[in-house]
file coords-v7.csv (CSV, C-alpha atoms)
chain,number,residue,atom,x,y,z
R,1249,MET,CA,97.8,89.3,99.7
R,1250,LYS,CA,97.4,88.5,103.4
R,1251,ARG,CA,100.5,90.6,104.2
R,1252,LEU,CA,99.3,93.5,102.1
R,1253,LEU,CA,95.9,93.5,103.9
R,1254,ARG,CA,97.5,93.4,107.3
R,1255,GLU,CA,99.4,96.6,106.4
R,1256,GLU,CA,96.1,98.6,106.1
R,1257,LYS,CA,95.2,98.1,109.8
R,1258,GLY,CA,94.5,101.5,111.5
R,1259,SER,CA,93.3,103.4,108.4
R,1260,VAL,CA,89.7,103.7,109.8
R,1261,PHE,CA,91.2,105.3,113.0
R,1262,ILE,CA,92.7,108.0,110.9
R,1263,ILE,CA,89.4,108.8,109.2
R,1264,VAL,CA,87.7,108.9,112.6
R,1265,LEU,CA,90.3,111.4,113.8
R,1266,VAL,CA,89.8,113.6,110.8
R,1267,LEU,CA,86.0,113.6,111.3
R,1268,LEU,CA,86.5,114.5,115.0
R,1269,VAL,CA,88.7,117.4,114.1
R,1270,VAL,CA,86.2,118.7,111.5
R,1271,GLY,CA,83.3,118.2,113.8
R,1272,GLY,CA,85.0,120.1,116.6
R,1273,LEU,CA,85.8,123.0,114.2
R,1274,VAL,CA,82.1,123.1,113.0
R,1275,LEU,CA,80.3,122.4,116.2
R,1276,THR,CA,81.5,125.5,118.2
R,1277,PRO,CA,80.3,128.2,115.7
R,1278,LEU,CA,77.1,126.1,115.0
R,1279,LEU,CA,76.3,126.1,118.7
R,1280,GLY,CA,77.0,129.9,118.8
R,1281,LEU,CA,74.7,130.5,115.9
R,1282,MET,CA,72.0,128.4,117.5
R,1283,SER,CA,72.4,130.4,120.7
R,1284,THR,CA,72.2,133.7,118.8
R,1285,GLY,CA,69.1,132.5,116.9
R,1286,LEU,CA,67.4,131.5,120.2
R,1287,MET,CA,68.1,134.9,121.7
R,1288,SER,CA,66.9,136.7,118.5
R,1289,GLY,CA,63.8,134.6,118.5
R,1290,GLN,CA,63.1,135.7,122.1
R,1291,VAL,CA,63.6,139.3,121.1
R,1292,TYR,CA,61.2,139.1,118.1
R,1293,GLU,CA,58.7,137.2,120.1
R,1294,LYS,CA,58.8,139.8,122.8
R,1295,LYS,CA,58.5,142.7,120.2
R,1296,THR,CA,55.6,140.9,118.5
R,1297,ALA,CA,53.8,140.6,121.8
R,1298,GLU,CA,54.5,144.2,122.6
R,1299,LEU,CA,53.1,145.3,119.2
R,1300,TYR,CA,50.0,143.2,119.7
R,1301,ALA,CA,49.5,144.7,123.1
R,1302,ALA,CA,50.0,148.2,121.9
R,1303,ASP,CA,47.6,147.6,119.1
R,1304,ALA,CA,45.0,146.3,121.6
R,1305,GLY,CA,45.5,149.7,123.4
R,1306,VAL,CA,44.6,151.4,120.1
R,1307,GLU,CA,41.5,149.3,119.7
R,1308,ASP,CA,40.5,150.1,123.3
R,1309,ALA,CA,40.9,153.8,122.6
R,1310,ILE,CA,38.8,153.5,119.4
R,1311,TRP,CA,36.0,151.8,121.3
R,1312,SER,CA,36.1,154.5,124.0
R,1313,ILE,CA,35.9,157.2,121.4
R,1314,GLN,CA,32.9,155.5,119.7
R,1315,THR,CA,31.1,155.0,122.9
R,1316,ASP,CA,32.0,158.5,124.2
R,1317,THR,CA,33.3,157.2,127.5
R,1318,LEU,CA,36.5,159.3,127.8
R,1319,THR,CA,37.0,162.1,130.2
R,1320,TRP,CA,38.6,165.1,128.5
R,1321,VAL,CA,40.9,167.8,130.0
R,1322,ASN,CA,42.1,170.4,127.5
R,1323,ASN,CA,41.3,168.0,124.7
R,1324,SER,CA,43.4,165.2,126.1
R,1325,SER,CA,42.3,162.0,127.9
R,1326,GLY,CA,44.4,159.5,129.8
R,1327,PRO,CA,46.8,158.0,130.1
R,1328,TRP,CA,45.0,154.8,131.4
R,1329,GLN,CA,46.6,151.4,132.0
R,1330,LEU,CA,45.9,148.0,130.5
R,1331,ALA,CA,47.5,144.6,131.0
R,1332,VAL,CA,47.7,142.7,127.7
R,1333,ASN,CA,49.9,139.7,126.8
R,1334,GLY,CA,51.8,140.1,130.0
R,1335,ARG,CA,52.7,143.6,129.0
R,1336,ASN,CA,51.8,146.9,130.7
R,1337,VAL,CA,50.1,149.2,128.2
R,1338,SER,CA,49.6,152.9,128.6
R,1339,VAL,CA,47.1,154.6,126.4
R,1340,GLU,CA,46.3,158.3,125.9
R,1341,VAL,CA,44.1,160.2,123.3
R,1342,HIS,CA,44.3,163.7,122.0
R,1343,ARG,CA,41.4,165.2,120.0
R,1344,GLU,CA,41.5,167.9,117.3
R,1345,ASP,CA,39.6,169.2,114.2
R,1346,LEU,CA,36.4,170.5,115.9
R,1347,ASP,CA,33.5,171.0,113.6
R,1348,PRO,CA,32.1,174.4,114.7
R,1349,GLN,CA,28.6,173.8,113.3
R,1350,CYS,CA,27.8,170.6,115.3
R,1351,GLY,CA,30.5,170.6,118.0
R,1352,VAL,CA,31.9,167.2,117.0
R,1353,TYR,CA,35.6,166.4,117.0
R,1354,TYR,CA,36.5,164.3,113.9
R,1355,THR,CA,40.2,163.6,114.3
R,1356,TYR,CA,41.9,161.9,117.2
R,1357,GLN,CA,45.6,161.0,117.9
R,1358,ILE,CA,46.1,157.8,119.9
R,1359,LEU,CA,49.3,156.9,121.6
R,1360,SER,CA,49.6,153.4,122.9
R,1361,THR,CA,52.8,152.2,124.6
R,1362,ALA,CA,53.4,148.5,125.6
R,1363,VAL,CA,56.3,147.9,128.1
R,1364,THR,CA,58.1,144.6,128.7
R,1365,ASP,CA,60.0,144.2,132.0
R,1366,ASP,CA,62.0,140.9,131.8
R,1367,GLY,CA,63.6,141.3,135.2
R,1368,GLY,CA,66.9,139.7,134.1
R,1369,GLY,CA,66.0,137.9,130.9
R,1370,THR,CA,68.4,136.7,128.3
R,1371,ALA,CA,67.7,139.6,125.9
R,1372,ALA,CA,67.0,143.2,126.8
R,1373,ILE,CA,66.1,143.8,130.4
R,1374,GLU,CA,63.3,146.2,129.5
R,1375,SER,CA,61.9,147.4,126.2
R,1376,SER,CA,58.8,149.2,124.9
R,1377,THR,CA,56.9,149.6,121.6
R,1378,GLU,CA,54.7,152.6,120.9
R,1379,VAL,CA,51.9,152.8,118.3
R,1380,GLN,CA,50.8,156.2,117.1
R,1381,ALA,CA,47.6,156.2,115.2
R,1382,TYR,CA,45.5,159.0,113.8
R,1383,VAL,CA,41.8,158.1,113.4
R,1384,GLU,CA,38.8,159.9,111.9
R,1385,LEU,CA,35.2,159.5,112.9
R,1386,VAL,CA,32.7,158.3,110.4
R,1387,VAL,CA,29.8,160.5,111.5
R,1388,PHE,CA,26.3,160.0,110.0
R,1389,ASP,CA,24.2,163.1,109.7
R,1390,LEU,CA,20.8,162.5,108.2
R,1391,LEU,CA,20.8,165.8,106.4
R,1392,SER,CA,24.3,165.5,104.9
R,1393,GLY,CA,23.9,163.0,102.0
R,1394,ALA,CA,22.7,163.4,98.5
R,1395,LEU,CA,20.9,160.0,98.9
R,1396,VAL,CA,20.1,158.4,102.2
R,1397,SER,CA,18.1,155.1,102.5
R,1398,SER,CA,17.3,152.9,105.4
R,1399,GLY,CA,16.6,150.2,102.8
R,1400,ASP,CA,17.7,149.8,99.2
R,1401,ILE,CA,18.6,152.3,96.4
R,1402,GLY,CA,17.7,151.3,92.9
R,1403,PHE,CA,19.2,153.0,89.8
R,1404,HIS,CA,18.4,152.8,86.2
R,1405,LYS,CA,21.1,153.7,83.6
R,1406,ASP,CA,22.9,157.0,83.2
R,1407,CYS,CA,22.1,158.4,86.7
R,1408,ILE,CA,24.6,160.9,88.2
R,1409,VAL,CA,25.1,161.5,91.9
R,1410,SER,CA,27.2,164.3,93.5
R,1411,GLY,CA,27.5,163.9,97.2
R,1412,ASP,CA,27.6,161.1,99.8
R,1413,VAL,CA,25.4,158.1,99.5
R,1414,TYR,CA,24.3,156.4,102.8
R,1415,TYR,CA,22.4,153.1,102.6
R,1416,VAL,CA,21.4,150.1,104.8
R,1417,GLY,CA,20.4,147.5,102.3
R,1418,ASN,CA,21.8,147.3,98.8
R,1419,ILE,CA,22.5,149.6,95.8
R,1420,THR,CA,20.8,147.8,92.9
R,1421,GLY,CA,20.3,148.3,89.2
R,1422,LYS,CA,22.7,149.5,86.6
R,1423,ASP,CA,25.9,151.4,87.4
R,1424,TYR,CA,25.7,155.1,88.0
R,1425,THR,CA,28.2,157.8,87.9
R,1426,HIS,CA,29.4,159.1,91.3
R,1427,ILE,CA,31.0,162.4,90.7
R,1428,ASP,CA,31.8,163.4,94.3
R,1429,GLY,CA,31.4,161.8,97.7
R,1430,VAL,CA,31.5,158.3,99.0
R,1431,GLU,CA,29.2,155.3,99.5
R,1432,ILE,CA,28.8,154.3,103.1
R,1433,ARG,CA,26.8,151.4,104.4
R,1434,ILE,CA,25.3,152.3,107.8
R,1435,PRO,CA,23.4,150.4,110.5
R,1436,SER,CA,19.7,150.7,110.6
R,1437,ASP,CA,19.5,151.8,114.2
R,1438,VAL,CA,21.1,155.2,113.4
R,1439,PHE,CA,17.9,156.5,111.8
R,1440,PRO,CA,15.4,158.5,113.7
R,1441,THR,CA,12.7,156.5,115.5
R,1442,GLN,CA,9.0,156.9,114.6
R,1443,ALA,CA,8.5,158.9,117.8
R,1444,GLU,CA,11.3,161.3,116.7
R,1445,ASN,CA,9.8,161.7,113.3
R,1446,GLU,CA,6.4,162.3,114.7
R,1447,ALA,CA,7.8,164.9,117.1
R,1448,PHE,CA,9.6,166.6,114.1
R,1449,ALA,CA,6.3,166.6,112.1
R,1450,ALA,CA,4.4,168.0,115.1
R,1451,GLU,CA,6.7,171.1,115.1
R,1452,LEU,CA,5.9,171.7,111.4
R,1453,GLU,CA,2.2,171.1,112.1
R,1454,GLU,CA,2.3,173.7,114.8
R,1455,GLU,CA,3.9,176.1,112.4
R,1456,ALA,CA,1.2,175.4,109.9
R,1457,ARG,CA,-1.6,175.8,112.4
R,1458,ASN,CA,-0.3,179.2,113.3
R,1459,GLY,CA,-1.3,180.3,109.8
R,1460,GLY,CA,-4.8,178.9,110.1
R,1461,THR,CA,-6.9,175.7,109.5
R,1462,TYR,CA,-8.7,174.9,106.4
R,1463,ASN,CA,-12.5,174.6,107.1
R,1464,GLY,CA,-13.8,173.1,103.9
R,1465,THR,CA,-16.1,170.1,103.5
R,1466,SER,CA,-14.8,167.1,105.5
R,1467,GLY,CA,-11.6,169.0,105.9
R,1468,ASN,CA,-10.5,168.1,102.3
R,1469,MET,CA,-8.9,170.9,100.3
R,1470,ASN,CA,-9.2,171.1,96.5
R,1471,ILE,CA,-7.0,173.5,94.6
R,1472,SER,CA,-8.3,174.5,91.1
R,1473,GLU,CA,-6.7,178.0,90.8
R,1474,SER,CA,-3.2,179.4,90.9
R,1475,GLY,CA,-2.2,181.5,93.9
R,1476,ASP,CA,-0.5,181.6,97.3
R,1477,LEU,CA,-0.6,178.7,99.7
R,1478,GLY,CA,0.4,178.5,103.4
R,1479,PRO,CA,1.0,178.5,106.1
R,1480,ILE,CA,-2.1,176.3,106.6
R,1481,TYR,CA,-3.2,173.1,108.3
R,1482,VAL,CA,-5.4,170.8,106.2
R,1483,PRO,CA,-7.3,168.3,108.4
R,1484,GLY,CA,-8.2,166.1,105.4
R,1485,ASN,CA,-6.6,165.5,102.0
R,1486,LEU,CA,-5.1,168.0,99.6
R,1487,ASP,CA,-6.0,167.4,95.9
R,1488,ILE,CA,-5.0,169.6,93.0
R,1489,SER,CA,-7.5,169.1,90.1
R,1490,LYS,CA,-6.5,171.8,87.7
R,1491,GLU,CA,-3.3,173.0,86.0
R,1492,VAL,CA,-2.0,175.6,88.6
R,1493,ALA,CA,1.0,177.5,89.8
R,1494,ILE,CA,1.4,177.6,93.6
R,1495,THR,CA,3.5,180.1,95.5
R,1496,LEU,CA,4.3,178.7,98.9
R,1497,LYS,CA,4.2,181.2,101.7
R,1498,GLY,CA,5.0,178.9,104.6
R,1499,VAL,CA,4.4,175.3,105.8
R,1500,VAL,CA,1.4,173.3,104.3
R,1501,TYR,CA,0.6,170.5,106.7
R,1502,VAL,CA,-1.9,167.9,105.4
R,1503,LYS,CA,-3.4,165.3,107.7
R,1504,GLY,CA,-4.2,163.0,104.8
R,1505,HIS,CA,-2.6,162.7,101.4
R,1506,VAL,CA,-1.4,165.2,98.8
R,1507,SER,CA,-2.3,164.3,95.2
R,1508,CYS,CA,-2.0,166.1,91.8
R,1509,ALA,CA,-2.9,164.7,88.4
R,1510,LYS,CA,-2.5,168.0,86.6
R,1511,THR,CA,0.5,170.2,85.7
R,1512,LEU,CA,1.8,171.8,88.8
R,1513,THR,CA,4.4,174.5,89.3
R,1514,VAL,CA,5.6,175.3,92.8
R,1515,THR,CA,7.7,178.3,93.8
R,1516,GLY,CA,8.0,180.6,96.8
R,1517,SER,CA,9.3,179.6,100.2
R,1518,GLY,CA,7.9,176.9,102.4
R,1519,SER,CA,7.3,173.1,102.8
R,1520,ILE,CA,4.7,170.5,102.1
R,1521,ILE,CA,4.1,167.8,104.7
R,1522,ALA,CA,1.6,165.0,104.6
R,1523,GLU,CA,0.9,162.1,107.0
R,1524,ASP,CA,-0.2,159.9,104.1
R,1525,TYR,CA,1.3,159.6,100.6
R,1526,ILE,CA,2.4,162.4,98.3
R,1527,TYR,CA,1.7,161.7,94.6
R,1528,LEU,CA,2.6,164.5,92.1
R,1529,SER,CA,2.2,163.0,88.7
R,1530,LYS,CA,2.7,166.1,86.5
R,1531,LEU,CA,5.2,168.3,88.3
R,1532,ALA,CA,6.6,171.0,86.1
R,1533,ASP,CA,8.9,172.8,88.5
R,1534,TYR,CA,9.7,172.9,92.3
R,1535,SER,CA,12.0,175.9,92.7
R,1536,VAL,CA,11.4,176.8,96.3
R,1537,THR,CA,14.0,179.1,97.9
R,1538,GLY,CA,15.5,178.6,101.4
R,1539,ASP,CA,15.1,175.5,103.5
R,1540,SER,CA,12.2,173.4,102.1
R,1541,ILE,CA,11.0,169.9,102.8
R,1542,ILE,CA,8.6,167.6,101.0
R,1543,MET,CA,7.7,165.0,103.6
R,1544,SER,CA,5.4,162.0,103.9
R,1545,LEU,CA,5.4,160.8,107.5
R,1546,ASN,CA,4.0,157.4,107.0
R,1547,ASP,CA,3.9,156.6,103.3
R,1548,ASP,CA,5.5,156.9,99.8
R,1549,ILE,CA,6.5,159.9,97.8
R,1550,THR,CA,6.1,159.7,94.0
R,1551,LEU,CA,7.3,162.5,91.8
R,1552,LYS,CA,6.7,162.5,88.0
R,1553,LYS,CA,7.1,165.1,85.3
R,1554,SER,CA,4.4,166.9,83.4
R,1555,ASP,CA,6.2,166.6,80.1
R,1556,PRO,CA,8.3,163.4,79.5
R,1557,ASP,CA,10.6,165.3,77.1
R,1558,ASP,CA,11.4,168.1,79.6
R,1559,ALA,CA,13.9,168.1,82.4
R,1560,LEU,CA,12.5,168.7,85.9
R,1561,SER,CA,14.3,170.4,88.7
R,1562,ILE,CA,13.4,169.9,92.4
R,1563,ASN,CA,15.0,172.1,95.0
R,1564,ALA,CA,14.1,170.6,98.3
R,1565,LEU,CA,14.8,168.1,101.1
R,1566,ILE,CA,12.6,165.0,100.2
R,1567,TYR,CA,11.9,162.8,103.3
R,1568,ALA,CA,9.8,159.6,103.5
R,1569,PRO,CA,11.1,157.8,106.7
R,1570,ASN,CA,8.5,155.0,106.2
R,1571,GLY,CA,8.1,154.9,102.5
R,1572,THR,CA,9.8,154.6,99.1
R,1573,ILE,CA,10.7,157.8,97.1
R,1574,THR,CA,10.2,157.2,93.4
R,1575,PHE,CA,11.5,159.6,90.7
R,1576,ASP,CA,10.6,159.8,87.0
R,1577,LYS,CA,13.3,159.8,84.3
R,1578,ASP,CA,15.3,162.9,83.5
R,1579,MET,CA,14.7,164.5,86.9
R,1580,THR,CA,17.2,166.7,88.7
R,1581,VAL,CA,17.2,167.1,92.4
R,1582,ALA,CA,19.2,169.8,94.2
R,1583,GLY,CA,18.9,169.0,97.9
R,1584,SER,CA,18.8,165.7,99.7
R,1585,VAL,CA,16.7,162.6,99.4
R,1586,ILE,CA,16.0,160.5,102.5
R,1587,GLY,CA,13.7,157.5,102.5
R,1588,ALA,CA,13.1,153.9,103.5
R,1589,GLY,CA,13.8,153.1,99.9
R,1590,ILE,CA,14.8,155.1,96.8
R,1591,GLU,CA,13.9,154.3,93.2
R,1592,THR,CA,15.0,156.5,90.3
R,1593,ASP,CA,14.5,156.0,86.6
R,1594,LYS,CA,17.2,156.6,84.0
R,1595,ASP,CA,19.1,159.9,83.5
R,1596,GLY,CA,18.4,161.1,87.1
R,1597,SER,CA,20.7,163.7,88.6
R,1598,PHE,CA,21.1,164.2,92.3
R,1599,THR,CA,23.3,166.9,93.7
R,1600,TYR,CA,23.6,167.5,97.5
R,1601,VAL,CA,22.6,171.0,98.5
R,1602,SER,CA,21.8,171.8,102.0
R,1603,LYS,CA,18.0,172.5,102.1
R,1604,GLY,CA,17.5,171.6,105.8
R,1605,THR,CA,19.9,173.5,108.0
R,1606,SER,CA,17.0,174.9,110.0
R,1607,PHE,CA,15.5,171.4,110.5
R,1608,GLU,CA,16.8,169.4,113.5
R,1609,LEU,CA,15.8,165.8,113.2
R,1610,PHE,CA,18.5,164.4,115.5
R,1611,ASP,CA,22.1,164.8,116.4
R,1612,PRO,CA,24.9,163.4,114.3
R,1613,VAL,CA,25.7,159.7,115.1
R,1614,ILE,CA,29.1,158.0,115.1
R,1615,VAL,CA,28.8,154.9,112.9
R,1616,GLY,CA,32.5,154.0,112.8
R,1617,VAL,CA,36.1,155.0,112.9
R,1618,LYS,CA,38.6,155.1,110.0
R,1619,ILE,CA,42.3,154.8,110.7
R,1620,ARG,CA,44.1,157.5,108.8
R,1621,SER,CA,47.7,156.6,109.7
R,1622,TYR,CA,49.4,154.0,111.8
R,1623,ALA,CA,53.1,154.2,112.9
R,1624,ILE,CA,55.2,151.8,115.0
R,1625,ASN,CA,58.0,153.5,117.0
R,1626,PRO,CA,60.2,151.5,119.3
R,1627,LEU,CA,61.3,153.7,122.3
R,1628,SER,CA,64.3,151.7,123.4
R,1629,THR,CA,67.3,150.0,121.9
R,1630,GLU,CA,67.5,146.3,122.1
R,1631,GLU,CA,70.7,144.7,123.5
R,1632,ILE,CA,71.3,141.4,121.8
call {"tool": "encode", "arguments": {"input": "coords-v7.csv", "output": "structure tokens"}}
result
Amino acid sequence: MKRLLREEKGSVFIIVLVLLVVGGLVLTPLLGLMSTGLMSGQVYEKKTAELYAADAGVEDAIWSIQTDTLTWVNNSSGPWQLAVNGRNVSVEVHREDLDPQCGVYYTYQILSTAVTDDGGGTAAIESSTEVQAYVELVVFDLLSGALVSSGDIGFHKDCIVSGDVYYVGNITGKDYTHIDGVEIRIPSDVFPTQAENEAFAAELEEEARNGGTYNGTSGNMNISESGDLGPIYVPGNLDISKEVAITLKGVVYVKGHVSCAKTLTVTGSGSIIAEDYIYLSKLADYSVTGDSIIMSLNDDITLKKSDPDDALSINALIYAPNGTITFDKDMTVAGSVIGAGIETDKDGSFTYVSKGTSFELFDPVIVGVKIRSYAINPLSTEEI
């Protein structure tokens, strides 16, 4: 047995030699693979940094568009330079799709190019990444929505809206059917200030005063017979005490409130403005042609029907910048409703129709930017 064991001397050496040979064969390609992986990692890291830098250029361009700080020459601005992530970024903007009515450009092309100069690095000596984005402005125009609220909008069941809905607070109540348009939450500071609303009301007041001032007792006007009304300035309250049909002939401006507890039909062409509340509890019809506004400068507007079983149609811009606008059930509004709050009973129908093109409350306001397309286009070939 001792002799047989002595004959196995050196067998471990053979195994070691085999392992050395196998290790030598595997180690060389493994090191090559690791080297390639390190170089690829550098390339991907560089391209990622370029992409982030180019994207930062897009964000800078969007901010410049929103704040209107760009200088335009033939509808182009730039290029301007940024330094981001150790990359040089060149940004330029081209604008298009001009709205001829308000002079606002809604679509912009942004080109942002980030360049890497390695100066003798292990991967590509120089490369660049371009981001091409098309963006659209989200522009808030007070007179462009079916429903516009600087507070909440409350629905009861089976209401229908056709047109954009702008709101600051929340849309509450039961679901409603939105046939056309979008819901857009907007900041509260885009609405006209009280001073702007008062200036707008003053223009309408002047138009009413040009038609004369009511000189009744205490300045209060009481309507008990059907007939024409306006343009006229009422220094007190306007109360309607009988079932009447009024044909508007211009602006009716009331220093106090407007109230009607009897069946009321309004036709003709004109507007009704009150500094206090407007309460029409038995409105049968409001079919006023042309631009028309029902406005309470400082308080609420409440509109109810004369007959609960009949549908009621209102053709007007309804505006209560400091109050809540409340609608009875089964009411149809063709125009625009703008208030500090909006409450509508069931089966209400609201369709946006421009009833205020001649009213200029304030200029359109940019409330955001929506990215329509975003493409990444490398401009150079990597050498790996």
call {"tool": "closest_residue", "arguments": {"input": "coords-v7.csv", "among": "R:Asp1316, R:Asp1406, R:Asp1547, R:Glu1344", "to": "R:Ser1597", "atoms": "only C-alpha atoms"}}
result
R:Asp1406
call {"tool": "atom_distance", "arguments": {"input": "coords-v7.csv", "atom1": "atom CA of R:Arg1335", "atom2": "atom CA of R:Asn1322"}}
result
28.9 Å
call {"tool": "closest_residue", "arguments": {"input": "coords-v7.csv", "among": "R:Ile1541, R:Ala1297, R:Ile1358, R:Ala1309", "to": "R:Ser1375", "atoms": "all atoms listed in the file"}}
result
R:Ala1297
call {"tool": "closest_residue", "arguments": {"input": "coords-v7.csv", "among": "R:Ile1401, R:Leu1528, R:Val1615, R:Ile1427", "to": "R:Asp1389", "atoms": "only C-alpha atoms"}}
result
R:Val1615
call {"tool": "atom_distance", "arguments": {"input": "coords-v7.csv", "atom1": "atom CA of R:Ala1509", "atom2": "atom CA of R:Thr1592"}}
result
19.8 Å
call {"tool": "closest_residue", "arguments": {"input": "coords-v7.csv", "among": "R:Thr1605, R:Tyr1600, R:Thr1513, R:Asn1468", "to": "R:Gly1429", "atoms": "only C-alpha atoms"}}
result
R:Tyr1600
call {"tool": "closest_residue", "arguments": {"input": "coords-v7.csv", "among": "R:Gly1516, R:Gly1538, R:Pro1483, R:Gly1616", "to": "R:Asn1463", "atoms": "all atoms listed in the file"}}
result
R:Pro1483
call {"tool": "closest_atom_pairs", "arguments": {"input": "coords-v7.csv", "of": "stretch 1595-1625 of chain R", "to": "stretch 1552-1572 of chain R", "cutoff": "8 Å", "atoms": "all atoms listed in the file", "output": "Markdown table"}}
result
| residue | atom | partner | partner_atom | distance |
| --- | --- | --- | --- | --- |
| R:Ser1602 | CA | R:Leu1565 | CA | 8.0 |
| R:Lys1603 | CA | R:Leu1565 | CA | 5.5 |
| R:Gly1604 | CA | R:Leu1565 | CA | 6.5 |
call {"tool": "write_last_selection", "arguments": {"input": "coords-v7.csv", "atoms": "C-alpha atoms", "output": "CSV table (one decimal), keeping the file's coordinate frame"}}
result
chain,number,residue,atom,x,y,z
R,1602,SER,CA,21.8,171.8,102.0
R,1603,LYS,CA,18.0,172.5,102.1
R,1604,GLY,CA,17.5,171.6,105.8
call {"tool": "build_atoms", "arguments": {"input": "coords-v7.csv", "residues": "stretch 1306-1325 of chain R", "atoms": "N, CA and C atoms", "output": "CSV table (one decimal), keeping the file's coordinate frame"}}
result
chain,number,residue,atom,x,y,z
R,1306,VAL,N,45.2,150.6,121.1
R,1306,VAL,CA,44.6,151.4,120.1
R,1306,VAL,C,43.1,151.1,119.9
R,1307,GLU,N,42.9,149.8,119.9
R,1307,GLU,CA,41.5,149.3,119.7
R,1307,GLU,C,40.6,149.7,120.9
R,1308,ASP,N,41.2,149.7,122.1
R,1308,ASP,CA,40.5,150.1,123.3
R,1308,ASP,C,40.1,151.6,123.2
R,1309,ALA,N,41.1,152.4,122.7
R,1309,ALA,CA,40.9,153.8,122.6
R,1309,ALA,C,39.8,154.1,121.6
R,1310,ILE,N,39.8,153.4,120.4
R,1310,ILE,CA,38.8,153.5,119.4
R,1310,ILE,C,37.4,153.2,120.0
R,1311,TRP,N,37.3,152.1,120.7
R,1311,TRP,CA,36.0,151.8,121.3
R,1311,TRP,C,35.6,152.9,122.3
R,1312,SER,N,36.5,153.4,123.1
R,1312,SER,CA,36.1,154.5,124.0
R,1312,SER,C,35.7,155.7,123.3
R,1313,ILE,N,36.3,156.0,122.1
R,1313,ILE,CA,35.9,157.2,121.4
R,1313,ILE,C,34.5,157.0,120.8
R,1314,GLN,N,34.2,155.8,120.3
R,1314,GLN,CA,32.9,155.5,119.7
R,1314,GLN,C,31.8,155.5,120.7
R,1315,THR,N,32.1,155.1,121.9
R,1315,THR,CA,31.1,155.0,122.9
R,1315,THR,C,31.0,156.2,123.8
R,1316,ASP,N,31.9,157.2,123.5
R,1316,ASP,CA,32.0,158.5,124.2
R,1316,ASP,C,32.1,158.3,125.7
R,1317,THR,N,33.1,157.5,126.1
R,1317,THR,CA,33.3,157.2,127.5
R,1317,THR,C,34.6,157.8,128.1
R,1318,LEU,N,35.2,158.7,127.3
R,1318,LEU,CA,36.5,159.3,127.8
R,1318,LEU,C,36.2,160.6,128.5
R,1319,THR,N,37.1,160.9,129.4
R,1319,THR,CA,37.0,162.1,130.2
R,1319,THR,C,38.1,163.0,129.6
R,1320,TRP,N,37.7,164.2,129.2
R,1320,TRP,CA,38.6,165.1,128.5
R,1320,TRP,C,39.0,166.3,129.4
R,1321,VAL,N,40.3,166.6,129.4
R,1321,VAL,CA,40.9,167.8,130.0
R,1321,VAL,C,41.8,168.4,129.0
R,1322,ASN,N,41.4,169.6,128.6
R,1322,ASN,CA,42.1,170.4,127.5
R,1322,ASN,C,42.3,169.5,126.3
R,1323,ASN,N,41.3,168.8,125.9
R,1323,ASN,CA,41.3,168.0,124.7
R,1323,ASN,C,42.2,166.8,124.7
R,1324,SER,N,42.5,166.4,126.0
R,1324,SER,CA,43.4,165.2,126.1
R,1324,SER,C,42.7,164.3,127.1
R,1325,SER,N,42.8,163.0,126.9
R,1325,SER,CA,42.3,162.0,127.9
R,1325,SER,C,43.3,160.9,128.2
